[in-house]
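Everything below concerns the one structure shown next.
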Amino acid sequence: MTITTAVSRKPKIGMISLGCGKNLVDAEVMLGSVLQRGMEITSRAEDADVLVINTCAFIDSAKEESIEAILEAHQQRALNKRPDQKLIVSGCMSQRFAKELHNELPEVDAFIGLDQVSQLGQIVEKLLSKRPTLNAQRPMPKSDSWALGVGRSAFDVSSEHDEADLAFADTRPTYIPDYDTPRFRLTPAHSAYVKIAEGCNHPCSFCVIPQMRGKHRSRKPESVLAEIRALVGEGVREINLISQDTTYYGMDLWDGKAGPRQPVDSTRGPTLVSLLREIQKIEGEFWVRLLYTHPAHWSDELIETIAECEKVARYIDIPLQHIDESMLGRMRRETSRAHIEDLIHKLRAGIPGVTLRTTFIVGFPGETEAEFETLLDFIRRSRFERLGIFKYSQEEGSRAARMPGQVPSKIKNSRYRAAMAMQQSIAHDLACNKIGSELKLLVDQPHIARSEGDAPDVDARVVLSEAAPVGEFIRRTVTGSRGYDLLA
């Protein structure tokens with residue numbers, strides 16, 4: 001069998017994107033740059049001339065999933081007799097561990113950093129113009145021996161270029177997309193993510209996102225609004241606003257510096273409040289959802305704005321991570337228990353019918369049984385409509401990774417099960433209370449929809465007894481519940 005080494009037709013590019021919605025936007029920008037260079041996009045990995053794995057490195061399980069996806073892609077190109085297929089790794093793991101992965105994964109033809117997402121098309125052209133490589137024809141690595149410096153990427157031509165290509169490994173990203181940045185959306189036609197800012201300024205001791213994604217940097221309001229107008233004009237019915245810290249939006253653009261605990265204050269410059277007010281003026285039927293809000297930046301002004309703007313979903317995603325005062329201090333969360341409890345009261349009193357979604361971490365270094373019981377009691381009393389639990393992940397490079405009192409996995413698992421069991425009971429009660437009520441729903445599939453209180457991919461669904469048109473709003477009466485899902 002003869003294997004051609006040059007692609008005479010338009011190259012086909014495939015994408016496997018892992019992780020959060022923020023990562024998905026990066027994948028969409030990368031594919032937009034590919035289309036701009038006259039290439040084709042394929043959803044079939046085996047048909048791709050270049051396959052991109054867009055990785056996540058938020059916690060250990062995400063890194064493991066990313067590594068498995070890379071090795072699986074390499075194995076599949078051998079099984080599919082595609083040794084000429086190029087493999088590119090992008091995303092957070094590539095940004096954070098570029099130099100290590102460059103040595104440990106010779107199967108990969110190129111690594112690109114977060115500042116290079118809009119340049120994928122050019123990188124692919126450069127990669128395909130290089131001489132054929134044997135990297136793709138190496139046997140699959142063994143689990144006990146693959147990890148130590150066994151080769152060089154096909155993207156490199158010399159040690160000098162090696163350093164140049166991986167320069168992003170030593171720098172924090174500064175890139176952020178604009179409204180006219182080419183994108184190829186990977187979400188359903190009726191739902192889209194809009195990244196309003198990138199990076200983070202918070203010093204949370206368990207997290208390395210600021211090291212991976214750089215300092216907080218907001219897009220200009222006019223850029224965000226132009227993108228949303230275009231999406232609504234295309235028929236999008238759900239706009240999900242995302243960033244690492246959505247409530248801090250715009251405050252880095254103020255003339256006077258805004259501190260890490262600064263509440264939203266529209267008198268000082270652009271804010272999430274002023275952005276939401278402008279979004280409310282956009283014509284069309286849609287709702288806009290806030291994801292990833294930090295408790296330190298809420299204000300009465302923001303709560304009033306959400307209550308008054310009918311296009312803003314009554315849905316607040318507010319990761320709290322813990323409630324015990326000592327734990328909040330060790331986590332460097334910049335909020336107190338009193339602030340959190342007061343804020344939850346204000347949100348529920350100020351936004352009637354609001355759905356609160358939060359996440360907590362169990363097994364953080366030094367977490368005692370008493371501190372965990374404090375968290376359980378808080379969950380029991382607060383009755384969050386949506387709640388997720390993370391088992392603490394010891395992230396290399398974080399402050400918490402060096403802390404004494406690392407909690408054994410067995411205890412983490414036990415605490416995770418206890419917290420989730422409690423939340424399952426609460427969710428069941430809340431779902432039963434919905435029976436008989438009428439909800440406005442957005443239809444994802446003929447028999448599957450979501451309410452205002454359900455974000456895509458992470459929350460519950462509403463199972464429809466009668467089919468409805470995909471991408472449209474409908475109203476249905478809740479007739480029952482099944483697990484976390486409602487029936488209507």
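FYI, nothing fancy with the structure tokens labels: chains A, B, ... in order, residues from 1 per chain, ligands from 1 as they appear.
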
Open item on the list: Report as JSON, numbers by chain all protein, DNA and RNA residues lying within 10 Å of segment 467-472 of chain A, evaluated on only C-alpha atoms, omitting residues in the same chain fewer than 6 positions from it.
Closed with: {"A": [188, 189, 190, 191, 235, 236, 237, 238, 285, 286, 441, 442, 443, 444, 445, 446, 447, 448, 449]}

Atoms to include: C-alpha atoms. Write the selected residues as a JSON list (two decimals), in the first residue's frame.
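File produced: out.json:
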```
[["chain", "number", "residue", "atom", "x", "y", "z"],
["A", 188, "PRO", "CA", -26.32, 23.65, 19.05],
["A", 189, "ALA", "CA", -27.63, 26.38, 16.73],
["A", 190, "HIS", "CA", -29.87, 27.86, 19.44],
["A", 191, "SER", "CA", -27.28, 28.12, 22.26],
["A", 235, "GLY", "CA", -31.40, 32.65, 15.76],
["A", 236, "VAL", "CA", -29.53, 31.95, 19.00],
["A", 237, "ARG", "CA", -31.97, 31.81, 21.91],
["A", 238, "GLU", "CA", -29.53, 31.30, 24.79],
["A", 285, "GLU", "CA", -36.49, 36.58, 22.14],
["A", 286, "PHE", "CA", -33.59, 35.09, 24.08],
["A", 441, "LEU", "CA", -38.48, 25.87, 28.43],
["A", 442, "LEU", "CA", -35.85, 25.96, 25.69],
["A", 443, "VAL", "CA", -36.01, 22.83, 23.52],
["A", 444, "ASP", "CA", -32.66, 21.06, 22.94],
["A", 445, "GLN", "CA", -34.06, 17.89, 21.32],
["A", 446, "PRO", "CA", -37.64, 17.00, 20.31],
["A", 447, "HIS", "CA", -38.27, 15.41, 23.72],
["A", 448, "ILE", "CA", -35.60, 17.18, 25.81],
["A", 449, "ALA", "CA", -35.69, 20.77, 27.06]]
```

- [ ] List every residue of segment 27-272 of chain A that DSSP, applied to the backbone of this structure, places in helix (DSSP H, G or I), and write the result as an MDAnalysis selection string.
- [x] chainID A and resid 27:36 45:47 60:79 92:104 114:129 135:137 159:165 167:170 209:213 221:233 246:248 251:253 266:268 272

Do a neighbour search on Glu40 of chain A at 10 Å with only C-alpha atoms, toss out local chain neighbours closer than 6 positions, and write the hits as a compact mmCIF listing (two decimals) with N, CA and C atoms, in the first residue's frame.
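Okay, this is what ended up in out26.txt:
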```txt
# COMPACT_ATOMS: atom_id res chain seq x y z
N ARG A 9 -5.56 17.93 -1.83
CA ARG A 9 -6.85 18.58 -1.71
C ARG A 9 -6.81 19.51 -0.49
N LYS A 10 -7.96 20.10 -0.18
CA LYS A 10 -8.04 20.93 1.02
C LYS A 10 -7.82 20.05 2.25
N PRO A 11 -6.93 20.44 3.14
CA PRO A 11 -6.73 19.64 4.35
C PRO A 11 -8.00 19.61 5.20
N LYS A 12 -8.26 18.47 5.82
CA LYS A 12 -9.39 18.33 6.73
C LYS A 12 -8.88 18.37 8.17
N ILE A 13 -9.53 19.19 8.98
CA ILE A 13 -9.10 19.38 10.37
C ILE A 13 -10.19 18.86 11.30
N GLY A 14 -9.81 18.02 12.25
CA GLY A 14 -10.73 17.51 13.26
C GLY A 14 -10.41 18.11 14.62
N LEU A 31 -10.97 26.65 15.11
CA LEU A 31 -11.60 26.16 13.88
C LEU A 31 -11.97 27.30 12.95
N VAL A 34 -9.02 28.03 10.93
CA VAL A 34 -8.82 26.98 9.93
C VAL A 34 -9.67 27.25 8.69
N ALA A 48 -9.58 13.11 9.43
CA ALA A 48 -8.80 14.36 9.56
C ALA A 48 -7.36 14.17 9.11
N ASP A 49 -6.87 15.15 8.37
CA ASP A 49 -5.44 15.19 8.06
C ASP A 49 -4.66 15.73 9.26
```

Task: Option closest in space to Pro263 of chain A, from A:Thr335, A:Gln423, A:Gln321, A:Gln85 [counting only C-alpha atoms] - done: A:Thr335

Task: Selection: 9 Å around segment 199-209 of chain A, only C-alpha atoms, excl. self and same-chain fewer than 6 positions, as a PyMOL selection string - done: chain A and resi 58-59+92+173-174+215-218+243-245+260+330-334+364+392-401

Open item on the list: Using Å and a single decimal, report how far atom CA of Ile228 of chain A sits from atom CA of Pro182 of chain A.
Closed with: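 Going from atom CA of Pro182 of chain A over to atom CA of Ile228 of chain A, I get 14.3 Å.
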
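Residues surrounding Gln280 of chain A within 9 Å are Val288, Cys309, Glu310, Lys311 and Val312 of chain A [only C-alpha atoms; sequence separation below 6 positions excluded].
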
Could the residues in this selection be written to a file with C-alpha atoms, as an mmCIF file, in the first residue's frame?
```
data_model
loop_
_atom_site.group_PDB
_atom_site.id
_atom_site.type_symbol
_atom_site.label_atom_id
_atom_site.label_comp_id
_atom_site.auth_asym_id
_atom_site.auth_seq_id
_atom_site.Cartn_x
_atom_site.Cartn_y
_atom_site.Cartn_z
ATOM 1 C CA VAL A 288 -28.758 35.438 28.827
ATOM 2 C CA CYS A 309 -33.934 42.661 33.191
ATOM 3 C CA GLU A 310 -36.390 40.006 31.985
ATOM 4 C CA LYS A 311 -33.919 38.691 29.405
ATOM 5 C CA VAL A 312 -31.435 37.765 32.142
#
```

Open item on the list: Give me the residues near segment 473-487 of chain A as a ChimeraX atom specification, where near means some atom within 6 Å (using only C-alpha atoms) and where sequence neighbours in that chain fewer than 2 positions away do not count.
Closed with: /A:435-442,460-463

Using all heavy atoms, can you write the selected residues to a file as a short mmCIF file (atom, residue, chain, number, x, y, z; two decimals), in the first residue's frame?
```cif
data_model
loop_
_atom_site.label_atom_id
_atom_site.label_comp_id
_atom_site.auth_asym_id
_atom_site.auth_seq_id
_atom_site.Cartn_x
_atom_site.Cartn_y
_atom_site.Cartn_z
N ILE A 435 -43.86 20.18 40.70
CA ILE A 435 -44.99 19.51 40.04
C ILE A 435 -46.23 20.39 40.09
O ILE A 435 -46.59 20.92 41.14
CB ILE A 435 -45.26 18.13 40.69
CG1 ILE A 435 -44.06 17.21 40.49
CG2 ILE A 435 -46.53 17.51 40.11
CD1 ILE A 435 -44.17 15.88 41.22
N GLY A 436 -46.82 20.58 38.92
CA GLY A 436 -48.01 21.42 38.82
C GLY A 436 -47.71 22.83 38.35
O GLY A 436 -48.63 23.57 37.96
N SER A 437 -46.45 23.23 38.39
CA SER A 437 -46.09 24.59 37.96
C SER A 437 -45.82 24.61 36.46
O SER A 437 -45.43 23.62 35.86
CB SER A 437 -44.86 25.09 38.72
OG SER A 437 -43.74 24.25 38.47
N GLU A 438 -46.03 25.77 35.85
CA GLU A 438 -45.77 25.94 34.43
C GLU A 438 -44.40 26.60 34.24
O GLU A 438 -44.09 27.58 34.91
CB GLU A 438 -46.85 26.80 33.77
CG GLU A 438 -46.70 26.89 32.25
CD GLU A 438 -47.74 27.79 31.61
OE1 GLU A 438 -47.67 29.02 31.81
OE2 GLU A 438 -48.63 27.26 30.93
N LEU A 439 -43.59 26.05 33.34
CA LEU A 439 -42.24 26.56 33.11
C LEU A 439 -42.05 26.98 31.67
O LEU A 439 -42.60 26.36 30.75
CB LEU A 439 -41.20 25.49 33.46
CG LEU A 439 -41.13 24.98 34.89
CD1 LEU A 439 -40.06 23.90 34.99
CD2 LEU A 439 -40.86 26.10 35.87
N LYS A 440 -41.23 28.00 31.49
CA LYS A 440 -40.77 28.36 30.15
C LYS A 440 -39.54 27.50 29.87
O LYS A 440 -38.61 27.46 30.68
CB LYS A 440 -40.41 29.84 30.08
CG LYS A 440 -39.92 30.29 28.70
CD LYS A 440 -39.60 31.78 28.70
CE LYS A 440 -39.13 32.24 27.33
NZ LYS A 440 -38.82 33.70 27.31
N LEU A 441 -39.53 26.82 28.74
CA LEU A 441 -38.48 25.87 28.43
C LEU A 441 -37.84 26.18 27.08
O LEU A 441 -38.52 26.64 26.16
CB LEU A 441 -39.03 24.44 28.40
CG LEU A 441 -39.78 23.96 29.65
CD1 LEU A 441 -40.41 22.61 29.39
CD2 LEU A 441 -38.84 23.90 30.85
N LEU A 442 -36.56 25.88 26.96
CA LEU A 442 -35.85 25.96 25.69
C LEU A 442 -35.61 24.52 25.21
O LEU A 442 -35.01 23.72 25.94
CB LEU A 442 -34.53 26.71 25.85
CG LEU A 442 -33.67 26.85 24.59
CD1 LEU A 442 -34.43 27.60 23.50
CD2 LEU A 442 -32.35 27.56 24.92
N ALA A 460 -29.79 19.83 35.21
CA ALA A 460 -30.84 18.87 34.90
C ALA A 460 -31.52 19.19 33.57
O ALA A 460 -31.25 20.21 32.93
CB ALA A 460 -31.87 18.85 36.03
N ARG A 461 -32.44 18.30 33.17
CA ARG A 461 -33.19 18.48 31.93
C ARG A 461 -34.68 18.31 32.24
O ARG A 461 -35.07 17.84 33.30
CB ARG A 461 -32.77 17.45 30.88
CG ARG A 461 -31.28 17.39 30.62
CD ARG A 461 -30.95 16.27 29.66
NE ARG A 461 -31.43 14.97 30.14
CZ ARG A 461 -31.41 13.85 29.42
NH1 ARG A 461 -30.96 13.87 28.18
NH2 ARG A 461 -31.85 12.71 29.93
N VAL A 462 -35.49 18.69 31.27
CA VAL A 462 -36.93 18.45 31.35
C VAL A 462 -37.29 17.51 30.21
O VAL A 462 -37.05 17.81 29.04
CB VAL A 462 -37.73 19.76 31.24
CG1 VAL A 462 -39.22 19.46 31.34
CG2 VAL A 462 -37.30 20.74 32.34
N VAL A 463 -37.82 16.32 30.55
CA VAL A 463 -38.20 15.32 29.56
C VAL A 463 -39.64 15.60 29.13
O VAL A 463 -40.56 15.64 29.96
CB VAL A 463 -38.08 13.90 30.14
CG1 VAL A 463 -38.47 12.87 29.09
CG2 VAL A 463 -36.66 13.65 30.63
#
```

TODO: Please identify all polymer residues within 10 Å of Glu65 of chain A, counting only C-alpha atoms, omitting same-chain residues fewer than 5 positions from it, and present them as an MDAnalysis selection string.
DONE: chainID A and resid 18:19 55:57 60 70
